[in-house]
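Just start34.pdb here, PDB, C-alpha atoms:
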ATOM      1  CA  MET E 289     -28.051   8.603  30.215
ATOM      2  CA  LYS E 290     -25.150   6.276  31.047
ATOM      3  CA  LEU E 291     -24.278   5.875  27.351
ATOM      4  CA  GLU E 292     -24.530   9.610  26.757
ATOM      5  CA  ASN E 293     -22.123  10.348  29.613
ATOM      6  CA  ARG E 294     -19.629   7.736  28.357
ATOM      7  CA  VAL E 295     -19.704   9.103  24.835
ATOM      8  CA  ARG E 296     -19.326  12.717  25.935
ATOM      9  CA  THR E 297     -16.477  11.953  28.351
ATOM     10  CA  THR E 298     -14.608   9.809  25.849
ATOM     11  CA  ALA E 299     -15.094  12.322  23.032
ATOM     12  CA  ALA E 300     -13.793  15.168  25.199
ATOM     13  CA  ALA E 301     -10.663  13.163  26.046
ATOM     14  CA  LEU E 302     -10.030  12.370  22.376
ATOM     15  CA  LEU E 303     -10.501  16.002  21.402
ATOM     16  CA  ALA E 304      -8.017  17.182  24.024
ATOM     17  CA  LYS E 305      -5.440  14.642  22.846
ATOM     18  CA  ARG E 306      -5.816  14.772  19.049
ATOM     19  CA  LYS E 307      -7.635  18.028  18.294
ATOM     20  CA  PHE E 308     -10.376  16.103  16.510
ATOM     21  CA  VAL E 309     -12.851  13.307  17.228
ATOM     22  CA  ALA E 310     -13.449  10.454  14.796
ATOM     23  CA  PRO E 311     -16.322   7.986  15.346
ATOM     24  CA  LEU E 312     -14.026   4.983  14.838
ATOM     25  CA  ASP E 313     -11.596   6.293  17.467
ATOM     26  CA  LEU E 314     -14.555   6.735  19.782
ATOM     27  CA  PHE E 315     -15.772   3.169  19.233
ATOM     28  CA  THR E 316     -12.276   1.749  19.676
ATOM     29  CA  THR E 317     -11.778   3.622  22.950
ATOM     30  CA  LEU E 318     -15.182   2.469  24.180
ATOM     31  CA  GLY E 319     -14.140  -1.133  23.502
ATOM     32  CA  TRP E 320     -16.713  -1.668  20.757
ATOM     33  CA  LEU E 321     -14.195  -2.122  17.942
ATOM     34  CA  PRO E 322     -11.125  -4.286  18.725
ATOM     35  CA  ASP E 323      -7.999  -3.460  16.737
ATOM     36  CA  LYS E 324      -7.968  -6.888  15.078
ATOM     37  CA  GLN E 325     -11.531  -6.453  13.812
ATOM     38  CA  LEU E 326     -10.827  -2.889  12.689
ATOM     39  CA  ASP E 327      -7.893  -4.224  10.675
ATOM     40  CA  ARG E 328     -10.094  -6.859   9.012
ATOM     41  CA  TRP E 329     -12.530  -4.156   7.954
ATOM     42  CA  ARG E 330      -9.781  -1.804   6.705
ATOM     43  CA  ARG E 331      -8.388  -4.627   4.571
ATOM     44  CA  GLY E 332     -11.783  -5.280   2.994
ATOM     45  CA  GLN E 333     -12.218  -8.724   4.570
ATOM     46  CA  VAL E 334     -15.753  -8.049   5.795
ATOM     47  CA  ASP E 335     -18.713  -6.582   3.945
ATOM     48  CA  HIS E 336     -19.205  -3.602   6.258
ATOM     49  CA  LEU E 337     -18.179  -2.292   9.671
ATOM     50  CA  GLY E 338     -21.368  -3.467  11.362
ATOM     51  CA  VAL E 339     -20.179  -7.058  10.963
ATOM     52  CA  VAL E 340     -17.273  -6.534  13.389
ATOM     53  CA  LEU E 341     -18.800  -4.045  15.849
ATOM     54  CA  ALA E 342     -19.308  -5.453  19.326
ATOM     55  CA  VAL E 343     -22.608  -3.561  19.778
ATOM     56  CA  THR E 344     -25.949  -3.590  18.001
ATOM     57  CA  PRO E 345     -26.577  -1.224  15.069
ATOM     58  CA  ASP E 346     -29.146   0.650  17.165
ATOM     59  CA  LYS E 347     -26.652   1.302  19.965
ATOM     60  CA  ALA E 348     -24.003   2.414  17.457
ATOM     61  CA  ARG E 349     -26.445   4.865  15.850
ATOM     62  CA  GLU E 350     -27.433   6.173  19.281
ATOM     63  CA  ALA E 351     -23.774   6.808  20.137
ATOM     64  CA  LEU E 352     -23.217   8.606  16.843
ATOM     65  CA  ASP E 353     -26.220  10.812  17.516
ATOM     66  CA  VAL E 354     -24.895  11.657  20.987
ATOM     67  CA  LEU E 355     -21.495  12.483  19.455
ATOM     68  CA  ARG E 356     -23.093  14.783  16.879
ATOM     69  CA  ARG E 357     -25.153  16.669  19.468
ATOM     70  CA  TRP E 358     -22.158  17.036  21.786
ATOM     71  CA  ALA E 359     -19.884  18.235  18.958
ATOM     72  CA  GLU E 360     -22.420  20.818  17.788
ATOM     73  CA  SER E 361     -22.880  22.079  21.339
ATOM     74  CA  GLU E 362     -19.096  22.530  21.574
ATOM     75  CA  GLY E 363     -18.998  24.404  18.272
ATOM     76  CA  LEU E 364     -16.776  21.820  16.567
ATOM     77  CA  ALA E 365     -16.407  21.922  12.792
ATOM     78  CA  ALA E 366     -17.661  18.897  10.833
ATOM     79  CA  THR E 367     -15.323  17.465   8.179
ATOM     80  CA  GLU E 368     -16.282  14.524   6.000
ATOM     81  CA  VAL E 369     -13.441  12.052   5.520
ATOM     82  CA  ASP E 370     -12.884   9.369   2.869
ATOM     83  CA  TYR E 371     -12.224   5.789   3.966
ATOM     84  CA  PRO E 372     -10.520   3.814   1.165
ATOM     85  CA  ALA E 373      -9.714   0.168   1.813
ATOM     86  CA  ALA E 374      -6.128  -1.027   2.272
ATOM     87  CA  THR E 375      -6.537  -3.134  -0.872
ATOM     88  CA  LEU E 376      -5.169  -2.794  -4.382
ATOM     89  CA  ASP E 377      -8.428  -1.360  -5.712
ATOM     90  CA  ARG E 378      -8.675   1.126  -2.803
ATOM     91  CA  ARG E 379     -12.446   0.875  -2.986
ATOM     92  CA  PRO E 380     -14.542   2.929  -0.518
ATOM     93  CA  LEU E 381     -15.191   1.055   2.709
ATOM     94  CA  ARG E 382     -18.760   0.489   3.874
ATOM     95  CA  PHE E 383     -19.889   1.211   7.414
ATOM     96  CA  ASP E 384     -23.343  -0.344   7.352
ATOM     97  CA  THR E 385     -26.183  -0.796   4.895
ATOM     98  CA  GLY E 386     -26.677   2.976   4.704
ATOM     99  CA  PRO E 387     -24.464   5.780   3.363
ATOM    100  CA  GLY E 388     -22.384   5.930   6.548
ATOM    101  CA  THR E 389     -22.181   9.730   6.588
ATOM    102  CA  ALA E 390     -22.175   9.883  10.394
ATOM    103  CA  TYR E 391     -19.166   7.546  10.530
ATOM    104  CA  ARG E 392     -17.241   9.598   7.978
ATOM    105  CA  THR E 393     -17.858  12.871   9.825
ATOM    106  CA  HIS E 394     -14.889  13.932  11.952
ATOM    107  CA  TRP E 395     -15.226  16.811  14.376
ATOM    108  CA  MET E 396     -12.393  19.362  14.461
ATOM    109  CA  ALA E 397     -11.385  21.476  17.456
ATOM    110  CA  VAL E 398     -12.214  25.175  17.635
ATOM    111  CA  GLY E 399      -9.448  27.707  17.028
ATOM    112  CA  LEU E 400      -7.192  25.626  14.797
ATOM    113  CA  SER E 401      -5.122  27.561  12.274
ATOM    114  CA  ASP E 402      -5.894  27.006   8.606
ATOM    115  CA  ALA E 403      -2.571  25.200   8.153
ATOM    116  CA  ARG E 404      -3.193  22.924  11.139
ATOM    117  CA  ARG E 405      -6.730  22.147  10.002
ATOM    118  CA  LYS E 406      -5.513  21.393   6.472
ATOM    119  CA  SER E 407      -2.787  19.106   7.825
ATOM    120  CA  LEU E 408      -5.261  17.157   9.963
ATOM    121  CA  VAL E 409      -7.722  16.755   7.091
ATOM    122  CA  GLU E 410      -4.984  15.563   4.719
ATOM    123  CA  ARG E 411      -3.743  13.059   7.273
ATOM    124  CA  GLN E 412      -7.239  11.698   7.903
ATOM    125  CA  ASN E 413      -7.990  11.419   4.163
ATOM    126  CA  LYS E 414      -4.712   9.662   3.385
ATOM    127  CA  ALA E 415      -5.175   6.163   1.994
ATOM    128  CA  PRO E 416      -3.857   3.456   4.345
ATOM    129  CA  ASP E 417      -0.631   1.642   3.548
ATOM    130  CA  LEU E 418      -0.801  -1.246   1.142
ATOM    131  CA  VAL E 419      -0.052  -4.475   2.990
ATOM    132  CA  VAL E 420       1.933  -7.503   1.823
ATOM    133  CA  ASP E 421       1.939 -10.701   3.886
ATOM    134  CA  VAL E 422       4.745 -13.203   4.400
ATOM    135  CA  ALA E 423       3.457 -16.650   3.429
ATOM    136  CA  THR E 424       3.291 -19.101   6.330
ATOM    137  CA  ALA E 425       1.511 -21.888   4.415
ATOM    138  CA  ASP E 426       1.127 -23.138   0.847
ATOM    139  CA  TRP E 427      -0.843 -20.790  -1.395
ATOM    140  CA  SER E 428      -1.363 -20.009  -5.085
ATOM    141  CA  CYS E 429      -2.041 -16.743  -6.879
ATOM    142  CA  ALA E 430      -5.688 -16.199  -7.828
ATOM    143  CA  GLU E 431      -4.658 -14.845 -11.249
ATOM    144  CA  CYS E 432      -1.560 -16.727 -12.477
ATOM    145  CA  ARG E 433      -1.664 -19.733 -10.076
ATOM    146  CA  GLY E 434       1.965 -19.062  -9.139
ATOM    147  CA  THR E 435       3.307 -18.765  -5.614
ATOM    148  CA  GLY E 436       6.112 -17.106  -3.647
ATOM    149  CA  ASP E 437       7.294 -15.917  -0.259
ATOM    150  CA  LEU E 438       5.081 -12.810  -0.295
ATOM    151  CA  PHE E 439       1.492 -12.218  -1.334
ATOM    152  CA  VAL E 440      -1.227  -9.580  -1.271
ATOM    153  CA  ASP E 441      -4.384 -10.713   0.502
ATOM    154  CA  ASP E 442      -6.850  -9.278  -2.023
ATOM    155  CA  PRO E 443     -10.635  -9.826  -1.641
ATOM    156  CA  GLY E 444     -10.624 -11.739  -4.932
ATOM    157  CA  GLY E 445      -7.982 -14.111  -3.600
ATOM    158  CA  PRO E 446      -4.246 -13.899  -2.826
ATOM    159  CA  LEU E 447      -2.087 -12.261  -5.489
ATOM    160  CA  CYS E 448       1.621 -12.695  -6.145
ATOM    161  CA  LEU E 449       3.684  -9.522  -6.343
ATOM    162  CA  VAL E 450       3.899  -9.792 -10.132
ATOM    163  CA  CYS E 451       0.117  -9.830 -10.594
ATOM    164  CA  ALA E 452      -0.250  -7.131  -7.932
ATOM    165  CA  ASP E 453       2.204  -4.894  -9.846
ATOM    166  CA  LEU E 454       4.519  -4.699  -6.842
ATOM    167  CA  ASP E 455       7.330  -6.929  -8.091
ATOM    168  CA  HIS E 456       9.550  -3.965  -9.024
ATOM    169  CA  LEU E 457       9.851  -3.030  -5.344
ATOM    170  CA  VAL E 458      12.644  -4.216  -3.051
ATOM    171  CA  LEU E 459      12.411  -5.263   0.576
ATOM    172  CA  LEU E 460      13.840  -3.064   3.305
ATOM    173  CA  ALA E 461      13.828  -5.103   6.495
ATOM    174  CA  ALA E 462      12.596  -3.516   9.716
ATOM    175  CA  GLY E 463      15.153  -2.283  12.210
ATOM    176  CA  ASP E 464      16.361   1.131  11.058
ATOM    177  CA  ALA E 465      13.597   3.649  11.623
ATOM    178  CA  THR E 466      15.441   6.552   9.978
ATOM    179  CA  LEU E 467      16.305   4.598   6.841
ATOM    180  CA  THR E 468      12.753   3.248   6.615
ATOM    181  CA  ARG E 469      11.203   6.685   6.977
ATOM    182  CA  ARG E 470      13.448   8.224   4.323
ATOM    183  CA  ALA E 471      13.014   5.341   1.875
ATOM    184  CA  LYS E 472       9.234   5.424   2.195
ATOM    185  CA  LYS E 473       9.160   9.188   1.709
ATOM    186  CA  ALA E 474      11.262   8.928  -1.449
ATOM    187  CA  SER E 475       9.296   6.020  -2.924
ATOM    188  CA  GLY E 476       6.306   6.752  -5.127
ATOM    189  CA  LEU E 477       4.843   3.344  -4.257
ATOM    190  CA  SER E 478       5.408   1.335  -1.094
ATOM    191  CA  ALA E 479       3.836  -1.441   0.956
ATOM    192  CA  VAL E 480       4.172  -2.683   4.515
ATOM    193  CA  VAL E 481       5.385  -6.281   4.865
ATOM    194  CA  ARG E 482       4.058  -8.233   7.828
ATOM    195  CA  ARG E 483       3.912 -11.797   9.116
ATOM    196  CA  PHE E 484       1.325 -13.420  11.350
ATOM    197  CA  GLU E 485       3.037 -14.787  14.454
ATOM    198  CA  LYS E 486       0.968 -17.650  15.835
ATOM    199  CA  SER E 487       2.690 -17.596  19.214
ATOM    200  CA  ARG E 488       1.728 -13.966  19.755
ATOM    201  CA  LYS E 489      -1.559 -14.215  17.827
ATOM    202  CA  ARG E 490      -0.888 -10.987  16.004
ATOM    203  CA  TYR E 491       0.875  -9.566  12.953
ATOM    204  CA  GLN E 492       4.455  -8.377  13.270
ATOM    205  CA  ARG E 493       5.919  -5.842  10.879
ATOM    206  CA  LYS E 494       8.887  -7.228   8.953
ATOM    207  CA  GLY E 495       9.769  -4.255   6.793
ATOM    208  CA  ILE E 496       8.556  -2.337   3.770
ATOM    209  CA  LEU E 497       8.699  -2.706   0.007
ATOM    210  CA  VAL E 498      10.004   0.415  -1.731
ATOM    211  CA  GLU E 499      11.430   1.423  -5.087
ATOM    212  CA  GLU E 500      15.116   0.555  -5.361
ATOM    213  CA  THR E 501      16.093   4.080  -6.343
ATOM    214  CA  ALA E 502      14.283   5.370  -3.247
ATOM    215  CA  LEU E 503      16.163   2.910  -1.046
ATOM    216  CA  GLU E 504      19.482   3.939  -2.563
ATOM    217  CA  GLU E 505      18.612   7.609  -2.073
ATOM    218  CA  ALA E 506      17.742   6.933   1.569
ATOM    219  CA  GLU E 507      20.943   4.966   2.066
ATOM    220  CA  ASP E 508      22.981   7.777   0.538
ATOM    221  CA  SER E 509      21.491  10.157   3.086
ATOM    222  CA  CYS E 510      22.539   7.766   5.858
ATOM    223  CA  LEU E 511      26.031   6.933   4.587
ATOM    224  CA  ALA E 512      27.624   8.282   7.740
ATOM    225  CA  ASP E 513      26.412   5.030   9.238
ATOM    226  CA  GLU E 514      28.890   2.257   8.359
ATOM    227  CA  ASP E 515      26.213  -0.377   8.978
ATOM    228  CA  VAL E 516      24.206   0.994   6.066
ATOM    229  CA  ARG E 517      27.191   0.694   3.746
ATOM    230  CA  LEU E 518      27.736  -2.884   4.847
ATOM    231  CA  ARG E 519      24.050  -3.674   4.337
ATOM    232  CA  ARG E 520      24.118  -2.279   0.791
ATOM    233  CA  ARG E 521      27.182  -4.337  -0.088
ATOM    234  CA  GLU E 522      25.538  -7.463   1.313
ATOM    235  CA  ARG E 523      22.329  -6.760  -0.605
ATOM    236  CA  ASP E 524      24.292  -6.263  -3.825
ATOM    237  CA  ARG E 525      26.166  -9.525  -3.228
ATOM    238  CA  GLU E 526      22.901 -11.441  -2.691
ATOM    239  CA  ARG E 527      21.363  -9.845  -5.763
ATOM    240  CA  ARG E 528      24.318 -10.811  -7.968
ATOM    241  CA  VAL E 529      23.795 -14.459  -6.984
ATOM    242  CA  ASP E 530      20.348 -14.251  -8.572
ATOM    243  CA  TRP E 531      21.537 -12.696 -11.806
ATOM    244  CA  ASP E 532      21.318 -14.950 -14.877
ATOM    245  CA  VAL E 533      23.948 -13.126 -16.917
ATOM    246  CA  ASP E 534      23.738 -15.038 -20.207
ATOM    247  CA  PHE E 535      19.950 -14.963 -20.382
ATOM    248  CA  GLN E 536      19.760 -11.315 -19.370
ATOM    249  CA  ALA E 537      22.214 -10.359 -22.106
ATOM    250  CA  ALA E 538      20.116 -12.264 -24.666
ATOM    251  CA  LEU E 539      16.928 -10.634 -23.390
ATOM    252  CA  ALA E 540      18.482  -7.154 -23.611
ATOM    253  CA  ALA E 541      19.506  -7.878 -27.200
ATOM    254  CA  GLU E 542      15.972  -9.061 -28.028
ATOM    255  CA  ILE E 543      14.495  -5.908 -26.494
ATOM    256  CA  LEU E 544      16.746  -3.774 -28.688
ATOM    257  CA  ARG E 545      15.807  -5.838 -31.758
ATOM    258  CA  LEU E 546      12.085  -5.323 -31.133
ATOM    259  CA  PHE E 547      12.477  -1.750 -29.863
ATOM    260  CA  PRO E 548      15.533  -0.179 -31.560
ATOM    261  CA  GLY E 549      14.604   3.217 -30.102
ATOM    262  CA  CYS E 550      15.011   1.935 -26.530
ATOM    263  CA  PRO E 551      18.208   3.241 -24.888
ATOM    264  CA  ALA E 552      20.742   0.439 -24.434
ATOM    265  CA  ASP E 553      21.132   1.000 -20.692
ATOM    266  CA  ARG E 554      17.351   0.899 -20.292
ATOM    267  CA  ALA E 555      17.155  -2.416 -22.186
ATOM    268  CA  GLU E 556      19.808  -3.843 -19.855
ATOM    269  CA  ALA E 557      17.902  -2.628 -16.790
ATOM    270  CA  ILE E 558      14.660  -4.194 -18.045
ATOM    271  CA  ALA E 559      16.428  -7.497 -18.767
ATOM    272  CA  LEU E 560      18.118  -7.462 -15.368
ATOM    273  CA  HIS E 561      14.802  -6.920 -13.621
ATOM    274  CA  ALA E 562      12.769  -9.391 -15.679
ATOM    275  CA  GLY E 563      15.372 -12.166 -15.668
ATOM    276  CA  THR E 564      16.302 -12.380 -11.984
ATOM    277  CA  ARG E 565      16.151 -15.934 -10.703
ATOM    278  CA  GLY E 566      13.219 -16.689  -8.406
ATOM    279  CA  SER E 567      11.416 -13.448  -9.213
ATOM    280  CA  GLY E 568       8.420 -15.035 -10.949
ATOM    281  CA  ARG E 569       8.530 -12.259 -13.553
ATOM    282  CA  VAL E 570       7.971 -12.499 -17.285
ATOM    283  CA  GLY E 571      11.595 -13.385 -18.000
ATOM    284  CA  ARG E 572      11.485 -16.407 -15.703
ATOM    285  CA  SER E 573       8.543 -18.081 -17.444
ATOM    286  CA  ALA E 574       9.097 -20.715 -20.135
ATOM    287  CA  ALA E 575       7.915 -18.336 -22.845
ATOM    288  CA  GLY E 576      10.043 -15.556 -21.446
ATOM    289  CA  ARG E 577      13.178 -17.684 -21.434
ATOM    290  CA  ALA E 578      12.469 -18.653 -25.024
ATOM    291  CA  LEU E 579      12.508 -14.907 -25.804
ATOM    292  CA  ASP E 580       8.871 -15.025 -26.875
ATOM    293  CA  GLU E 581       8.012 -11.678 -28.493
ATOM    294  CA  ARG E 582       4.826 -11.202 -26.474
ATOM    295  CA  LYS E 583       6.543 -11.915 -23.161
ATOM    296  CA  THR E 584       9.439  -9.628 -24.034
ATOM    297  CA  THR E 585       6.987  -6.859 -24.912
ATOM    298  CA  LEU E 586       5.187  -7.364 -21.599
ATOM    299  CA  ALA E 587       8.474  -6.846 -19.750
ATOM    300  CA  VAL E 588       9.022  -3.584 -21.633
ATOM    301  CA  ILE E 589       5.445  -2.443 -20.958
ATOM    302  CA  ALA E 590       5.858  -3.138 -17.227
ATOM    303  CA  SER E 591       8.986  -0.993 -17.163
ATOM    304  CA  LEU E 592       7.313   1.882 -19.021
ATOM    305  CA  ARG E 593       4.308   1.675 -16.748
ATOM    306  CA  HIS E 594       6.354   2.051 -13.566
ATOM    307  CA  GLU E 595       9.163   4.309 -14.780
ATOM    308  CA  ASP E 596       7.586   6.643 -17.325
ATOM    309  CA  THR E 597       3.983   7.229 -16.191
ATOM    310  CA  ASP E 598       2.074   8.234 -13.060
ATOM    311  CA  TYR E 599       0.908   4.634 -12.561
ATOM    312  CA  ASP E 600       2.638   4.054  -9.199
ATOM    313  CA  ARG E 601       1.500   7.427  -7.878
ATOM    314  CA  MET E 602      -2.101   6.605  -8.824
ATOM    315  CA  LEU E 603      -1.933   3.231  -7.052
ATOM    316  CA  MET E 604      -0.520   4.885  -3.943
ATOM    317  CA  SER E 605      -3.265   7.526  -3.949
ATOM    318  CA  GLY E 606      -6.023   4.907  -4.074
ATOM    319  CA  VAL E 607      -6.856   4.574  -7.782
ATOM    320  CA  ASP E 608      -8.085   1.110  -8.770
ATOM    321  CA  ARG E 609      -5.416  -0.925 -10.587
ATOM    322  CA  ALA E 610      -7.547  -1.486 -13.698
ATOM    323  CA  VAL E 611      -8.568   2.168 -13.810
ATOM    324  CA  ALA E 612      -4.959   3.302 -13.414
ATOM    325  CA  ARG E 613      -3.827   1.034 -16.247
ATOM    326  CA  ASP E 614      -6.563   2.386 -18.488
ATOM    327  CA  ARG E 615      -5.554   5.974 -17.742
ATOM    328  CA  ILE E 616      -1.918   5.461 -18.717
ATOM    329  CA  ARG E 617      -2.555   3.094 -21.628
ATOM    330  CA  ALA E 618      -2.253   5.833 -24.263
ATOM    331  CA  ASP E 619       1.055   7.061 -22.811
ATOM    332  CA  VAL E 620       2.473   3.524 -22.784
ATOM    333  CA  ASP E 621       1.328   2.897 -26.371
ATOM    334  CA  ARG E 622       2.930   6.149 -27.495
ATOM    335  CA  LEU E 623       6.237   5.294 -25.811
ATOM    336  CA  LEU E 624       6.186   1.796 -27.287
ATOM    337  CA  GLU E 625       5.664   3.259 -30.751
ATOM    338  CA  ASP E 626       8.547   5.680 -30.224
ATOM    339  CA  TRP E 627      10.852   2.817 -29.187
ATOM    340  CA  ARG E 628       9.818   0.716 -32.169
ATOM    341  CA  ARG E 629      11.118   3.339 -34.594
TER     342      ARG E 629
END
Can you present the structure in this file as structure tokens?
Amino acid sequence: MKLENRVRTTAAALLAKRKFVAPLDLFTTLGWLPDKQLDRWRRGQVDHLGVVLAVTPDKAREALDVLRRWAESEGLAATEVDYPAATLDRRPLRFDTGPGTAYRTHWMAVGLSDARRKSLVERQNKAPDLVVDVATADWSCAECRGTGDLFVDDPGGPLCLVCADLDHLVLLAAGDATLTRRAKKASGLSAVVRRFEKSRKRYQRKGILVEETALEEAEDSCLADEDVRLRRRERDRERRVDWDVDFQAALAAEILRLFPGCPADRAEAIALHAGTRGSGRVGRSAAGRALDERKTTLAVIASLRHEDTDYDRMLMSGVDRAVARDRIRADVDRLLEDWRR
């Protein structure tokens, strides 16, 4: 009876505040699911939710049954919600050894308008932000064995931004909420950058990775702010330091030799991106700097993938990286053939 009263009281409070009740919110409020453990599960670092719950599976199932009976007695509408992981493959998260239907069932308040209900459902079904960590110790990429200042903590091992297909994004440091919000909205693909602070024993958000065009669009909308103009000039100055002008010119010429149908300004943009010092991209490898045909082609393919297909949108919506690449392969091949003519 004590558990039933706690569940009912907590659920009623959540409903009044949010207009819906989610089992995970209930467990967090009850103290059964600490935020740190919830984050581990959302990032795919544990096999299923039961591993990090602070109660037994039987007690969790009992609480879910109480929640269901209470919600039905209140006439709440059941909505089943997807839970993709905050990983590159966006695989479905597991709650326990069973199907987890009770966990995925959210209970919506009575009397909501269709628009409000649709908005709540869309928000609950939205895939969580991709997360990129700032390296605080030595590490190597699980795929290319490279390293860098940032990495994606993937279940298969840490990935550099190149192997994670995030290297075309630029960092917008935290500090300007308006600029961050506008840049993220304009960017088809984005990721939160965070760093684990040992002194505080928690992660601290350091900024976001967004598409450069999205950042420029957001800055243009904030140009009344002189600080933004100064920040753009400083970012451009720092970026020019990393430009390898002679190599990038040679790479652009090689791209046009292999792909005469490629617009000249596009070839220059690809060379600029691939040949930036310290980027770890194709153009910075030994083969890339030797203008190896395969490496040059890979740089062109990466550009087509991000700029001319729905690849980034698919990643952002939760499509597995390998699946997304397979879906756009025909489009990339067609564009490559057009540029070869």
Give me, as a PDB file with C-alpha atoms, in the coordinates of the input, all polymer residues having an atom no more than 9 Å from Ala537 in chain E, counting all atoms listed in the file and skipping those fewer than 6 positions away in the same chain.
ATOM      1  CA  GLU E 556      19.808  -3.843 -19.855  1.00  0.00           C
ATOM      2  CA  ALA E 559      16.428  -7.497 -18.767  1.00  0.00           C
ATOM      3  CA  LEU E 560      18.118  -7.462 -15.368  1.00  0.00           C
TER       4      LEU E 560
END
- Task: Tell me which residues the PyMOL selection byres ((chain E and resi 479-482) around 10) grabs here, as a ChimeraX atom specification.
- Result: /E:416-423,438-440,454,457,459-462,472,477-478,483-485,490-498,604
Restrict the selected residues to C-alpha atoms and save them as a short mmCIF file (atom, residue, chain, number, x, y, z; two decimals), keeping the file's coordinate frame.
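Saved result, again.cif, follows:
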data_model
loop_
_atom_site.label_atom_id
_atom_site.label_comp_id
_atom_site.auth_asym_id
_atom_site.auth_seq_id
_atom_site.Cartn_x
_atom_site.Cartn_y
_atom_site.Cartn_z
CA PRO E 416 -3.86 3.46 4.34
CA ASP E 417 -0.63 1.64 3.55
CA LEU E 418 -0.80 -1.25 1.14
CA VAL E 419 -0.05 -4.47 2.99
CA VAL E 420 1.93 -7.50 1.82
CA ASP E 421 1.94 -10.70 3.89
CA VAL E 422 4.74 -13.20 4.40
CA ALA E 423 3.46 -16.65 3.43
CA LEU E 438 5.08 -12.81 -0.30
CA PHE E 439 1.49 -12.22 -1.33
CA VAL E 440 -1.23 -9.58 -1.27
CA LEU E 454 4.52 -4.70 -6.84
CA LEU E 457 9.85 -3.03 -5.34
CA LEU E 459 12.41 -5.26 0.58
CA LEU E 460 13.84 -3.06 3.30
CA ALA E 461 13.83 -5.10 6.50
CA ALA E 462 12.60 -3.52 9.72
CA LYS E 472 9.23 5.42 2.19
CA LEU E 477 4.84 3.34 -4.26
CA SER E 478 5.41 1.34 -1.09
CA ARG E 483 3.91 -11.80 9.12
CA PHE E 484 1.32 -13.42 11.35
CA GLU E 485 3.04 -14.79 14.45
CA ARG E 490 -0.89 -10.99 16.00
CA TYR E 491 0.88 -9.57 12.95
CA GLN E 492 4.46 -8.38 13.27
CA ARG E 493 5.92 -5.84 10.88
CA LYS E 494 8.89 -7.23 8.95
CA GLY E 495 9.77 -4.26 6.79
CA ILE E 496 8.56 -2.34 3.77
CA LEU E 497 8.70 -2.71 0.01
CA VAL E 498 10.00 0.42 -1.73
CA MET E 604 -0.52 4.88 -3.94
#
- Message: Need to verify the contact set: Asp323 in chain E, 12 Å, all atoms listed in the file, exclusion of same-chain residues closer than 2 positions in sequence. Can you return it as a PyMOL selection string?
- Response: chain E and resi 312-313+315-321+325-330+340-342+490-491
- Item | Spatial neighbours of range 621-627 of chain E, 8 Å, all atoms listed in the file, chain gap at least 6 places, as a ChimeraX atom specification | /E:547-550,589,592
Selection file, C-alpha atoms, as a CSV table (one decimal), keeping the file's coordinate frame:
chain,number,residue,atom,x,y,z
E,547,PHE,CA,12.5,-1.8,-29.9
E,548,PRO,CA,15.5,-0.2,-31.6
E,549,GLY,CA,14.6,3.2,-30.1
E,550,CYS,CA,15.0,1.9,-26.5
E,589,ILE,CA,5.4,-2.4,-21.0
E,592,LEU,CA,7.3,1.9,-19.0
- Item | For Gly388 in chain E: contacts at 12 Å, all atoms listed in the file, fewer than 2 positions along chain excluded, given as a ChimeraX atom specification | /E:311-312,336-338,345,348-349,352,368-371,380-386,390-393
What box, with edges along x, y and z, holds each listed atom of range 454-459 of chain E when 8 Å is added on every side, and can you state its centre and edge lengths in Å to one decimal, as lines of an AutoDock Vina configuration file?
center_x = 8.6
center_y = -5.0
center_z = -4.2
size_x = 24.1
size_y = 19.9
size_z = 25.6
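Minimum atom-to-atom distances from E:Ser509, E:Thr501, E:Thr367, E:Thr424 to Val458 in chain E were compared using all atoms listed in the file, and the lowest value belongs to E:Thr501.
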Could you tell me, as a PDB file with C-alpha atoms, keeping the file's coordinate frame, exactly which residues end up selected when the PyMOL selection byres ((chain E and resi 292-295) around 9) is applied to this structure?
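What landed in result.pdb:
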ATOM      1  CA  MET E 289     -28.051   8.603  30.215  1.00  0.00           C
ATOM      2  CA  LYS E 290     -25.150   6.276  31.047  1.00  0.00           C
ATOM      3  CA  LEU E 291     -24.278   5.875  27.351  1.00  0.00           C
ATOM      4  CA  ARG E 296     -19.326  12.717  25.935  1.00  0.00           C
ATOM      5  CA  THR E 297     -16.477  11.953  28.351  1.00  0.00           C
ATOM      6  CA  THR E 298     -14.608   9.809  25.849  1.00  0.00           C
ATOM      7  CA  ALA E 299     -15.094  12.322  23.032  1.00  0.00           C
ATOM      8  CA  ALA E 300     -13.793  15.168  25.199  1.00  0.00           C
ATOM      9  CA  LEU E 314     -14.555   6.735  19.782  1.00  0.00           C
ATOM     10  CA  LEU E 318     -15.182   2.469  24.180  1.00  0.00           C
ATOM     11  CA  GLU E 350     -27.433   6.173  19.281  1.00  0.00           C
ATOM     12  CA  ALA E 351     -23.774   6.808  20.137  1.00  0.00           C
ATOM     13  CA  LEU E 352     -23.217   8.606  16.843  1.00  0.00           C
ATOM     14  CA  VAL E 354     -24.895  11.657  20.987  1.00  0.00           C
ATOM     15  CA  LEU E 355     -21.495  12.483  19.455  1.00  0.00           C
ATOM     16  CA  TRP E 358     -22.158  17.036  21.786  1.00  0.00           C
TER      17      TRP E 358
END
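Note that the spacing between CA of His594 in chain E and CA of Gly444 in chain E amounts to 23.5 Å.
The space between CA of Lys486 in chain E and CA of Ala425 in chain E spans 12.2 Å.
Proximity ranking of E:Asp335, E:Asp508, E:Glu542, E:Glu581 relative to Leu467 in chain E places E:Asp508 first, based on only C-alpha atoms.
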- Item | the PyMOL selection byres ((chain E and resi 363-366) around 7) applied to the shown file, residues as an NGL selection string | :E and (359-362 or 367-368 or 393-398)
